[in-house]
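Asks: I am attaching a structure below and will ask some questions about it afterwards.
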Amino acid sequence: MGARARQQGGSAIQATSTGGHPSLHTVKPLGRTLFNRVFAAIYALSILALLFYHAKTLFYSPALVSFSVTLALLISDLVLAFFWVSTQTFRMFPVCRKQFPENLKKIMERSDFPALDVFICTADPYKEPPISVVNTALSVMAYDYPTEKISVYVSDDGGSALTLFAFMEAAKFATHWLPFCKKNNILERSPEAYFESNHSFTSEAVNIKIIYESMKVKVERVLERGEVDDENITSGQEREAFNKWADSFTRQDHPAVIQVLLDASKDRDIAGYSMPNLIYVSREKNKASPHHFKAGALNALLRVSGCMTNAPIILTLDCDSCSNDPETPLRAMCYLSDPETRPQLAYVQFPQIFRGINKSDIYNAEFKRLYRINVMGFDGLSGPNYLGTGCFFQRRAFYGSPSILASPEIPELAPDYIVDKPIQSQPVLALAHQVASCNYENRSYWGSKIGFRYGSLSEDYHTGFRMQCEGWKSIFCDPERPAFLGDVPITLNDALNQQKRWSIGLLEVGLSKYSPATFGVKEIGLLMGLAYAQSAFWAIWSIPITTYAFLPQLALLNKVYIFPKVSEPWFFLYAFIFLGAYGQDFVDFILAGGSIQRWWSDQRFWIIRGISSYVFGSVEFFLKFLGISSFGFNVTSKVVDNEQSKRYGQGIFEFGVHSPMFVTLTMAAIINLISFSQGLVEVFRGNNWEGLFVQMFISGFAVVNSWPIYEAIAWRKDRGKMPIKTSIIATLLAGTLYTASCFVFL
């Protein structure tokens with residue numbers, strides 16, 4: 001579809017079903033494509049001119065110091081040039097799409113809709129509150145879709161009885177919630193979101209809210225106690241389930257637990273209608289077997305669901321990604337049921353959109369470039385990357401290329417296998433436990449040729465990339481009403497740790513035999529390979545950002561001027577490159593629905609990541625590569641602290657805990673402030689301001705962006721201020737760095 005869109009310019013292209021049925025979807029190129037291409041050609045020439053300037057300066061450098069400084073700038077600008085080139089791939093063929101789910105109902109009977117398996121992953125009830133996971137499950141169980149065709153699988157990789165208890169209670173509440181949603185046609189089918197809205201509630205809604213609040217209180221009390229007491233167990237079936245949590249049962253060492261909480265063939269809601277299937281899964285774990293983090297959990301769900309329901313369509317969700325539109329499956333089916341797109345279509349990806357972001361989005365949680373701008377560019381090529389949540393897959397896509405099936409070990413796991421036994425029958429449950437065992441994948445293709453791919457903490461990126469290398473396509477679906485709403489980190493430490501984990505996982509792919517820069521370019525072409533490489537090498541943003549955060553400033557402190565004077569022609573090249581890059585980025589951001597304030601936060605957080613998350617992510621990756629240390633999957637906390645939440649809502653940065661990443665940020669803030677002050681002193685003394693202007697500008701730019709750090713160090717009194725320990729260490733290291741620079745520049 002992307003190729004056809006490019007061939008026909010700006011006109012919309014309709015994808016219709018066979019037999020003259022109404023259109024299910026359309027696609028058209030964005031109007032700014034021509035401008036992007038022309039500007040790219042001009043900007044590329046300016047980059048070549050800059051590299052020539054560096055090479056000339058390097059060749060004529062009279063001393064080792066000037067040679068070293070120029071070489072550092074050249075390397076940094078080469079990295080920046082790589083990222084600029086790879087970013088242009090998103091600007092060559094961006095497209096936008098529209099779906100017509102109302103037409104789907106005209107060409108398909110509801111009874112013909114394919115079955116849907118939903119995968120929801122959670123790992124720690126204290127970082128990912130069970131009531132939040134419950135809301136996610138309830139929101140998709142209440143989809144405007146044949147209920148008997150929905151099966152929700154909850155993977156509890158922490159193996160917690162608390163999570164199982166929460167879903168036992170959720171199953172009871174669902175018998176009231178689902179008929180209420182459908183009777184009243186409400187849009188917010190997450191109970192928490194609905195009851196927090198400003199709707200005028202009927203007496204029926206008030207009664208439902210009472211039932212929900214009762215369930216919520218019960219779940220939170222059990223979580224607070226840390227165990228499920230006898231008083232909360234109401235049946236022999238429940239007691240039998242909780243008896244599996246014996247003394248030897250630990251988070252990292254326990255048998256598989258598979259509990260059917262709702263059975264569509266048996267259970268009914270209060271209105272007498274069928275309920276969806278709801279299955280709790282905690283795969284077997286032991287310390288002697290690798291578990292492959294989230295990818296391993298998803299593969300366990302892929303196998304367990306294959307034994308029990310084997311729906312042809314799979315939806316993957318993060319534990320906090322609540323449905324915000326009950327028609328979302330119908331939008332996905334506009335593509336998945338279209339005979340023109342279906343044969344090579346692996347997945348339909350919806351954007352990640354978040355609730356609760358503060359006005360200025362201080363931690364760049366919206367990540368508009370990753371979740372909106374870049375994926376529209378991907379979509380005009382072979383389709384977007386898999387974002388880890390809000391994605392509808394064809395089950396067949398996990399089993400080899402479109403033309404060659406990678407057969408699993410047993411026929412019951414084949415994507416076209418028809419389950420003809422009840423999900424609670426003994427043979428089905430026995431097989432489900434077998435495929436959820438920790439040794440099942442030994443000497444198999446799981447994680448390499450079948451299922452979600454292993455070898456990276458960023459299993460979503462790796463899996464989507466490998467699928468496209470096998471010949472699959474994907475589609476980006478971005479309706480006006482957000483399909484899903486997730487939660488965001490509200491502390492700087494959580495946000496930076498999340499970014500560090502992503503950078504490590506991406507680097508694991510980027511420097512593997514499946515690197516997008518080599519393997520990707522060969523398998524999916526230059527543009528798609530570069531597009532994936534742009535993300536894979538995020539961690540090396542740390543090279544130019546760290547260089548420009550420290551080198552010009554230290555040189556200025558030592559009265560060494562390393563950039564062209566304002567009166568020299570080369571200065572205007574620097575000015576054009578800076579203004580051109582920021583200007584185009586600003587236009588992209590605003591046209592994607594962003595605000596000026598959030599764009600500024602986006603740019604500031606890019607710098608913050610560059611001298612914290614990306615630096616430490618790179619270090620951790622190479623230590624692991626050398627066998628010195630190892631890293632694990634750290635779950636991002638979804639727990640909300642009231643004080644932190646209040647400060648976040650006010651747009652105040654949260655520094656309340658000591659972190660090595662805060663040390664590098666504070667070092668940069670201190671050195672830039674001193675450097676800028678030194679530059680002002682030189683100007684007031686009447687020294688040549690033209691020579692130091694660029695370095696002063698860079699220092700001043702950093703000082704403005706470092707204002708939250710100065711505020712946290714100097715005068716904040718709340719619990720989110722910078723820890724004294726962090727400030728002292730950063731100050732000592734900044735002093736040491738300055739002293740070392742004095743010897744170097746002398």
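By order of appearance in the structure tokens: chains A, B, ..., then residues from 1 within every chain, and ligands from 1 in the order shown.
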Residues near segment 116-127 of chain A, anyone? I mean within 6 Å using only C-alpha atoms, not counting same-chain ones fewer than 6 positions away, as an MDAnalysis selection string.
Replies: chainID A and resid 150:158 311 313:319 637:639
Asks: Determine the nearest neighbour of Lys646 of chain A from the options A:Ile490, A:Ala288, A:Ile258, A:Ala49, counting only C-alpha atoms.
Replies: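 The answer is A:Ile490, which sits nearest to Lys646 of chain A.
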Asks: Nearest to Phe616 of chain A: which of A:Gly464, A:Phe550, A:Asn364, A:Ser659 is it, counting only C-alpha atoms?
Replies: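 So, comparing all the options, the nearest one is A:Ser659.
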Asks: List the neighbours of segment 261-269 of chain A out to 9 Å using only C-alpha atoms; skip same-chain residues closer than 6 positions along the sequence, and give me the result as a ChimeraX atom specification.
Replies: /A:147-151,167-168,171,174-179,275-280,422-424
Asks: Please produce a file of those selected residues containing N, CA and C atoms, as an mmCIF file, in the first residue's frame.
Replies:
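What landed in again32.cif:
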data_model
loop_
_atom_site.group_PDB
_atom_site.id
_atom_site.type_symbol
_atom_site.label_atom_id
_atom_site.label_comp_id
_atom_site.auth_asym_id
_atom_site.auth_seq_id
_atom_site.Cartn_x
_atom_site.Cartn_y
_atom_site.Cartn_z
ATOM 1 N N THR A 147 -18.500 -11.567 22.377
ATOM 2 C CA THR A 147 -17.857 -11.875 23.656
ATOM 3 C C THR A 147 -17.300 -13.279 23.701
ATOM 4 N N GLU A 148 -18.034 -14.218 23.128
ATOM 5 C CA GLU A 148 -17.596 -15.615 23.184
ATOM 6 C C GLU A 148 -16.325 -15.866 22.365
ATOM 7 N N LYS A 149 -15.947 -14.876 21.537
ATOM 8 C CA LYS A 149 -14.740 -15.020 20.722
ATOM 9 C C LYS A 149 -13.514 -14.366 21.362
ATOM 10 N N ILE A 150 -13.682 -13.759 22.540
ATOM 11 C CA ILE A 150 -12.576 -13.080 23.222
ATOM 12 C C ILE A 150 -12.023 -13.975 24.324
ATOM 13 N N SER A 151 -10.719 -14.132 24.342
ATOM 14 C CA SER A 151 -10.038 -14.855 25.423
ATOM 15 C C SER A 151 -8.910 -13.972 25.932
ATOM 16 N N PHE A 167 -7.618 -11.095 40.128
ATOM 17 C CA PHE A 167 -8.367 -11.492 38.933
ATOM 18 C C PHE A 167 -9.541 -12.411 39.259
ATOM 19 N N MET A 168 -9.463 -13.109 40.351
ATOM 20 C CA MET A 168 -10.648 -13.847 40.794
ATOM 21 C C MET A 168 -11.776 -12.872 41.129
ATOM 22 N N ALA A 171 -13.117 -11.296 37.900
ATOM 23 C CA ALA A 171 -14.031 -12.177 37.168
ATOM 24 C C ALA A 171 -15.457 -12.040 37.696
ATOM 25 N N ALA A 174 -16.803 -8.617 36.622
ATOM 26 C CA ALA A 174 -17.038 -8.548 35.176
ATOM 27 C C ALA A 174 -18.460 -8.956 34.810
ATOM 28 N N THR A 175 -19.074 -9.825 35.596
ATOM 29 C CA THR A 175 -20.444 -10.251 35.299
ATOM 30 C C THR A 175 -21.433 -9.095 35.422
ATOM 31 N N HIS A 176 -21.071 -8.068 36.163
ATOM 32 C CA HIS A 176 -21.890 -6.850 36.270
ATOM 33 C C HIS A 176 -21.428 -5.792 35.266
ATOM 34 N N TRP A 177 -20.101 -5.675 35.095
ATOM 35 C CA TRP A 177 -19.535 -4.575 34.316
ATOM 36 C C TRP A 177 -19.803 -4.723 32.821
ATOM 37 N N LEU A 178 -19.650 -5.924 32.278
ATOM 38 C CA LEU A 178 -19.793 -6.092 30.832
ATOM 39 C C LEU A 178 -21.210 -5.786 30.342
ATOM 40 N N PRO A 179 -22.247 -6.320 30.963
ATOM 41 C CA PRO A 179 -23.595 -5.958 30.481
ATOM 42 C C PRO A 179 -23.914 -4.487 30.682
ATOM 43 N N MET A 275 -19.856 -14.942 28.812
ATOM 44 C CA MET A 275 -18.683 -14.180 29.233
ATOM 45 C C MET A 275 -17.485 -14.569 28.369
ATOM 46 N N PRO A 276 -16.496 -13.709 28.260
ATOM 47 C CA PRO A 276 -15.266 -14.101 27.564
ATOM 48 C C PRO A 276 -14.460 -15.076 28.415
ATOM 49 N N ASN A 277 -13.517 -15.752 27.802
ATOM 50 C CA ASN A 277 -12.579 -16.572 28.571
ATOM 51 C C ASN A 277 -11.596 -15.656 29.298
ATOM 52 N N LEU A 278 -11.275 -15.993 30.543
ATOM 53 C CA LEU A 278 -10.260 -15.269 31.307
ATOM 54 C C LEU A 278 -9.356 -16.301 31.963
ATOM 55 N N ILE A 279 -8.082 -16.289 31.584
ATOM 56 C CA ILE A 279 -7.147 -17.319 32.045
ATOM 57 C C ILE A 279 -5.925 -16.662 32.672
ATOM 58 N N TYR A 280 -5.613 -17.088 33.887
ATOM 59 C CA TYR A 280 -4.405 -16.632 34.594
ATOM 60 C C TYR A 280 -3.279 -17.627 34.299
ATOM 61 N N PRO A 422 -12.998 -28.594 25.318
ATOM 62 C CA PRO A 422 -13.227 -27.469 26.247
ATOM 63 C C PRO A 422 -11.917 -27.042 26.917
ATOM 64 N N ILE A 423 -11.807 -25.762 27.225
ATOM 65 C CA ILE A 423 -10.544 -25.261 27.773
ATOM 66 C C ILE A 423 -10.255 -25.798 29.171
ATOM 67 N N GLN A 424 -11.296 -26.311 29.860
ATOM 68 C CA GLN A 424 -11.057 -26.860 31.195
ATOM 69 C C GLN A 424 -10.979 -28.386 31.203
#
Asks: Which residue out of A:Pro544, A:Gly383, A:Pro326, A:Gly455 has the minimum interatomic distance to Tyr514 of chain A when only C-alpha atoms are used?
Replies: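 That would be A:Gly455, the residue with the smallest distance to Tyr514 of chain A.
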Asks: Show which residues sit within 9 Å of segment 708-721 of chain A, as a PyMOL selection string. Count only C-alpha atoms, and ignore same-chain residues fewer than 4 positions away.
Replies: chain A and resi 643-644+647+652-657+665-666+669-670+703-704+727
Asks: Restricted to all heavy atoms, what would the selected residues look like written as a compact mmCIF listing (two decimals), in the first residue's frame?
Replies:
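Saved result, out-v1.txt, follows:
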# COMPACT_ATOMS: atom_id res chain seq x y z
N GLU A 643 2.55 12.69 46.90
CA GLU A 643 3.41 13.87 46.84
C GLU A 643 4.12 13.97 45.50
O GLU A 643 4.21 15.04 44.90
CB GLU A 643 4.44 13.82 47.99
CG GLU A 643 3.85 14.09 49.36
CD GLU A 643 4.95 14.23 50.41
OE1 GLU A 643 6.09 14.59 50.05
OE2 GLU A 643 4.66 13.97 51.59
N GLN A 644 4.63 12.84 45.03
CA GLN A 644 5.31 12.85 43.74
C GLN A 644 4.34 13.21 42.63
O GLN A 644 4.68 13.97 41.71
CB GLN A 644 5.93 11.48 43.47
CG GLN A 644 7.10 11.14 44.38
CD GLN A 644 7.62 9.73 44.16
OE1 GLN A 644 6.97 8.91 43.50
NE2 GLN A 644 8.79 9.44 44.71
N ARG A 647 3.77 16.96 42.62
CA ARG A 647 4.89 17.70 42.03
C ARG A 647 4.94 17.51 40.52
O ARG A 647 5.22 18.45 39.77
CB ARG A 647 6.21 17.27 42.68
CG ARG A 647 6.38 17.78 44.10
CD ARG A 647 7.80 17.57 44.60
NE ARG A 647 8.12 16.17 44.86
CZ ARG A 647 7.92 15.56 46.00
NH1 ARG A 647 7.38 16.21 47.03
NH2 ARG A 647 8.26 14.28 46.16
N ILE A 652 7.26 19.87 38.20
CA ILE A 652 8.49 19.95 38.99
C ILE A 652 9.25 18.63 38.87
O ILE A 652 8.68 17.56 39.10
CB ILE A 652 8.18 20.25 40.47
CG1 ILE A 652 7.45 21.59 40.59
CG2 ILE A 652 9.45 20.27 41.30
CD1 ILE A 652 6.96 21.89 42.00
N PHE A 653 10.53 18.71 38.53
CA PHE A 653 11.34 17.51 38.39
C PHE A 653 11.53 16.82 39.74
O PHE A 653 11.66 17.47 40.77
CB PHE A 653 12.71 17.86 37.82
CG PHE A 653 12.75 17.94 36.32
CD1 PHE A 653 12.09 18.95 35.63
CD2 PHE A 653 13.44 16.98 35.58
CE1 PHE A 653 12.12 19.03 34.26
CE2 PHE A 653 13.48 17.05 34.20
CZ PHE A 653 12.81 18.07 33.53
N GLU A 654 11.57 15.47 39.68
CA GLU A 654 11.70 14.65 40.88
C GLU A 654 13.10 14.06 40.96
O GLU A 654 13.48 13.20 40.18
CB GLU A 654 10.67 13.51 40.84
CG GLU A 654 10.57 12.72 42.12
CD GLU A 654 9.89 13.49 43.24
OE1 GLU A 654 8.98 14.29 42.95
OE2 GLU A 654 10.26 13.26 44.41
N PHE A 655 13.91 14.57 41.92
CA PHE A 655 15.28 14.08 42.11
C PHE A 655 15.44 13.35 43.44
O PHE A 655 16.56 13.13 43.88
CB PHE A 655 16.27 15.25 42.10
CG PHE A 655 16.39 15.95 40.77
CD1 PHE A 655 15.67 17.11 40.51
CD2 PHE A 655 17.24 15.47 39.79
CE1 PHE A 655 15.79 17.76 39.30
CE2 PHE A 655 17.36 16.11 38.57
CZ PHE A 655 16.64 17.27 38.33
N GLY A 656 14.36 12.95 44.08
CA GLY A 656 14.39 12.57 45.49
C GLY A 656 15.29 11.43 45.91
O GLY A 656 15.51 11.25 47.09
N VAL A 657 15.81 10.63 44.98
CA VAL A 657 16.69 9.52 45.36
C VAL A 657 18.06 9.72 44.71
O VAL A 657 18.19 10.38 43.68
CB VAL A 657 16.10 8.16 44.91
CG1 VAL A 657 14.78 7.91 45.59
CG2 VAL A 657 15.93 8.11 43.39
N LEU A 665 24.34 14.40 35.22
CA LEU A 665 23.51 15.58 34.90
C LEU A 665 23.97 16.79 35.69
O LEU A 665 24.09 17.91 35.14
CB LEU A 665 22.04 15.28 35.22
CG LEU A 665 21.29 14.31 34.32
CD1 LEU A 665 19.90 14.05 34.86
CD2 LEU A 665 21.20 14.87 32.91
N THR A 666 24.24 16.60 36.98
CA THR A 666 24.64 17.71 37.83
C THR A 666 26.04 18.21 37.46
O THR A 666 26.31 19.42 37.49
CB THR A 666 24.61 17.28 39.31
OG1 THR A 666 23.32 16.72 39.60
CG2 THR A 666 24.85 18.47 40.23
N ALA A 669 25.61 20.40 34.49
CA ALA A 669 24.97 21.66 34.86
C ALA A 669 25.98 22.61 35.52
O ALA A 669 26.00 23.82 35.23
CB ALA A 669 23.80 21.39 35.81
N ILE A 670 26.82 22.08 36.40
CA ILE A 670 27.81 22.91 37.11
C ILE A 670 28.84 23.46 36.13
O ILE A 670 29.14 24.67 36.13
CB ILE A 670 28.49 22.09 38.21
CG1 ILE A 670 27.50 21.77 39.33
CG2 ILE A 670 29.70 22.83 38.78
CD1 ILE A 670 28.02 20.77 40.36
N VAL A 703 22.66 25.85 30.19
CA VAL A 703 22.26 26.46 31.46
C VAL A 703 20.74 26.62 31.53
O VAL A 703 20.11 26.31 32.55
CB VAL A 703 22.96 27.83 31.65
CG1 VAL A 703 22.31 28.60 32.80
CG2 VAL A 703 24.45 27.63 31.93
N VAL A 704 20.15 27.08 30.44
CA VAL A 704 18.69 27.25 30.41
C VAL A 704 18.00 25.90 30.61
O VAL A 704 17.04 25.78 31.38
CB VAL A 704 18.25 27.89 29.07
CG1 VAL A 704 16.73 27.88 28.96
CG2 VAL A 704 18.78 29.32 28.98
N SER A 727 24.88 15.92 45.00
CA SER A 727 25.47 17.23 44.73
C SER A 727 26.96 17.25 45.05
O SER A 727 27.77 17.79 44.29
CB SER A 727 24.74 18.31 45.55
OG SER A 727 23.37 18.33 45.25
Asks: Residues near Tyr574 of chain A, anyone? I mean within 12 Å using only C-alpha atoms, not counting same-chain ones fewer than 3 positions away, as a list in words.
Replies: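 Selected residues are Tyr43, Ser46, Ile47, Ala49, Leu50, Leu51, Tyr53, His54, Asp77, Phe563, Pro564, Lys565, Val566, Glu568, Pro569, Trp570, Phe571, Ile577, Phe578, Leu579, Gly580, Ala581, Phe693, Val694, Gln695, Phe697 and Ile698 of chain A.
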Asks: So how many Å separate atom CA of Leu526 of chain A and atom CA of Val85 of chain A, to one decimal?
Replies: 11.3 Å
Asks: Env of Leu457 of chain A: 8 Å cut, atoms = only C-alpha atoms, seq-sep filter 6 positions within chain, self excluded. Answer as a list of chain:residue names.
Replies: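 Counting only C-alpha atoms, the residues come to A:Phe293, A:Lys294, A:Arg501, A:Trp502, A:Ile504, A:Gly505, A:Leu506, A:Glu508, A:Phe633.
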Asks: For the interface of segment 55-133 of chain A with segment 330-350 of chain A (cut-off 10 Å, counting only C-alpha atoms), please tabulate each contacting residue of segment 55-133 of chain A alongside its nearest pair of atoms and their separation in Å to one decimal, rows sorted by chain and increasing number, as JSON lines.
Replies:
{"residue": "A:Lys98", "atom": "CA", "partner": "A:Arg331", "partner_atom": "CA", "distance": 9.1}
{"residue": "A:Gln99", "atom": "CA", "partner": "A:Arg331", "partner_atom": "CA", "distance": 6.1}
{"residue": "A:Phe100", "atom": "CA", "partner": "A:Cys334", "partner_atom": "CA", "distance": 7.1}
{"residue": "A:Pro101", "atom": "CA", "partner": "A:Arg331", "partner_atom": "CA", "distance": 5.4}
{"residue": "A:Glu102", "atom": "CA", "partner": "A:Leu330", "partner_atom": "CA", "distance": 8.5}
{"residue": "A:Asn103", "atom": "CA", "partner": "A:Cys334", "partner_atom": "CA", "distance": 8.6}
{"residue": "A:Leu104", "atom": "CA", "partner": "A:Cys334", "partner_atom": "CA", "distance": 6.5}
{"residue": "A:Lys105", "atom": "CA", "partner": "A:Leu330", "partner_atom": "CA", "distance": 8.7}
{"residue": "A:Met108", "atom": "CA", "partner": "A:Ser337", "partner_atom": "CA", "distance": 9.3}
{"residue": "A:Phe113", "atom": "CA", "partner": "A:Met333", "partner_atom": "CA", "distance": 8.4}
{"residue": "A:Pro114", "atom": "CA", "partner": "A:Ser337", "partner_atom": "CA", "distance": 8.9}
Asks: Can you write just those residues out, all heavy atoms, as a compact mmCIF listing (two decimals), in the first residue's frame?
Replies:
# COMPACT_ATOMS: atom_id res chain seq x y z
N LYS A 98 -7.01 5.95 7.24
CA LYS A 98 -8.32 6.08 7.86
C LYS A 98 -9.07 4.77 7.70
O LYS A 98 -8.96 4.11 6.66
CB LYS A 98 -9.12 7.23 7.22
CG LYS A 98 -10.40 7.56 7.96
CD LYS A 98 -11.07 8.81 7.40
CE LYS A 98 -12.33 9.15 8.19
NZ LYS A 98 -12.99 10.38 7.66
N GLN A 99 -9.82 4.38 8.72
CA GLN A 99 -10.56 3.13 8.68
C GLN A 99 -12.06 3.41 8.75
O GLN A 99 -12.49 4.45 9.24
CB GLN A 99 -10.18 2.22 9.87
CG GLN A 99 -8.69 2.05 10.08
CD GLN A 99 -8.07 3.25 10.77
OE1 GLN A 99 -8.64 3.80 11.71
NE2 GLN A 99 -6.90 3.67 10.31
N PHE A 100 -12.84 2.45 8.25
CA PHE A 100 -14.29 2.58 8.25
C PHE A 100 -14.91 1.32 8.87
O PHE A 100 -15.42 0.44 8.15
CB PHE A 100 -14.81 2.80 6.83
CG PHE A 100 -14.15 3.95 6.13
CD1 PHE A 100 -13.13 3.74 5.22
CD2 PHE A 100 -14.52 5.26 6.41
CE1 PHE A 100 -12.51 4.80 4.59
CE2 PHE A 100 -13.90 6.33 5.78
CZ PHE A 100 -12.89 6.10 4.87
N PRO A 101 -14.83 1.21 10.19
CA PRO A 101 -15.35 0.00 10.85
C PRO A 101 -16.84 -0.21 10.62
O PRO A 101 -17.32 -1.35 10.68
CB PRO A 101 -15.03 0.24 12.33
CG PRO A 101 -14.83 1.72 12.47
CD PRO A 101 -14.27 2.17 11.17
N GLU A 102 -17.57 0.88 10.34
CA GLU A 102 -19.00 0.73 10.08
C GLU A 102 -19.24 -0.09 8.82
O GLU A 102 -20.27 -0.78 8.69
CB GLU A 102 -19.68 2.09 9.97
CG GLU A 102 -19.23 2.96 8.80
CD GLU A 102 -17.96 3.76 9.08
OE1 GLU A 102 -17.32 3.52 10.12
OE2 GLU A 102 -17.62 4.63 8.25
N ASN A 103 -18.29 -0.04 7.87
CA ASN A 103 -18.43 -0.82 6.64
C ASN A 103 -18.12 -2.29 6.86
O ASN A 103 -18.59 -3.15 6.12
CB ASN A 103 -17.52 -0.26 5.55
CG ASN A 103 -17.99 1.10 5.05
OD1 ASN A 103 -19.14 1.48 5.28
ND2 ASN A 103 -17.12 1.83 4.40
N LEU A 104 -17.31 -2.57 7.86
CA LEU A 104 -16.98 -3.97 8.17
C LEU A 104 -18.24 -4.74 8.52
O LEU A 104 -18.41 -5.90 8.13
CB LEU A 104 -15.97 -4.02 9.32
CG LEU A 104 -15.42 -5.40 9.68
CD1 LEU A 104 -14.52 -5.92 8.57
CD2 LEU A 104 -14.64 -5.33 10.99
N LYS A 105 -19.11 -4.07 9.24
CA LYS A 105 -20.35 -4.73 9.67
C LYS A 105 -21.29 -4.98 8.48
O LYS A 105 -22.20 -5.81 8.58
CB LYS A 105 -21.06 -3.87 10.72
CG LYS A 105 -20.22 -3.62 11.97
CD LYS A 105 -20.87 -2.62 12.90
CE LYS A 105 -19.99 -2.30 14.09
NZ LYS A 105 -20.57 -1.28 14.99
N MET A 108 -19.46 -8.31 6.74
CA MET A 108 -19.21 -9.51 7.55
C MET A 108 -20.26 -9.62 8.64
O MET A 108 -20.62 -8.61 9.26
CB MET A 108 -17.82 -9.44 8.22
CG MET A 108 -16.64 -9.60 7.30
SD MET A 108 -15.08 -9.53 8.24
CE MET A 108 -15.16 -11.09 9.11
N PHE A 113 -16.66 -12.98 12.56
CA PHE A 113 -15.45 -12.32 13.05
C PHE A 113 -14.50 -13.38 13.61
O PHE A 113 -14.93 -14.31 14.30
CB PHE A 113 -15.79 -11.32 14.16
CG PHE A 113 -16.47 -10.07 13.68
CD1 PHE A 113 -16.91 -9.11 14.59
CD2 PHE A 113 -16.70 -9.83 12.34
CE1 PHE A 113 -17.53 -7.95 14.17
CE2 PHE A 113 -17.33 -8.68 11.90
CZ PHE A 113 -17.76 -7.74 12.81
N PRO A 114 -13.20 -13.23 13.35
CA PRO A 114 -12.24 -14.21 13.89
C PRO A 114 -12.12 -14.09 15.40
O PRO A 114 -12.33 -13.01 15.97
CB PRO A 114 -10.93 -13.83 13.20
CG PRO A 114 -11.08 -12.38 12.85
CD PRO A 114 -12.53 -12.19 12.55
Asks: Would you pick out the contacts of His254 of chain A at 9 Å or less, using only C-alpha atoms, so that residues sharing its chain but fewer than 2 positions from it are not included, and give the list as a VMD selection string?
Replies: chain A and resid 159 245 248 to 252 256 to 257 282 to 286
Asks: Determine the nearest neighbour of Thr57 of chain A from the options A:Ile562, A:Glu204, A:Asp112, A:Ser305, counting only C-alpha atoms.
Replies: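 So, comparing all the options, the nearest one is A:Ile562.
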Asks: Please measure the separation of atom CA of Tyr440 of chain A and atom CA of Glu412 of chain A, giving the value in Å to one decimal.
Replies: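 Distance reported for this atom pair: 14.1 Å.
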Asks: Would you please extract all strand (DSSP E or B) residues from segment 381-423 of chain A, as assigned by DSSP on the backbone, and give them as a list in words?
Replies: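 So the strand (DSSP E or B) residues in segment 381-423 of chain A would be Cys391, Phe392, Phe393, Gln394, Tyr399, Gly400 and Leu405 of chain A.
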Asks: When DSSP works through the backbone of this structure, what residues of segment 338-585 of chain A end up as helix (DSSP H, G or I), shown as a PyMOL selection string?
Replies: chain A and resi 342-344+368-379+395-398+411-413+426-435+459-469+492-510+516-524+526-536+538-557+569-585
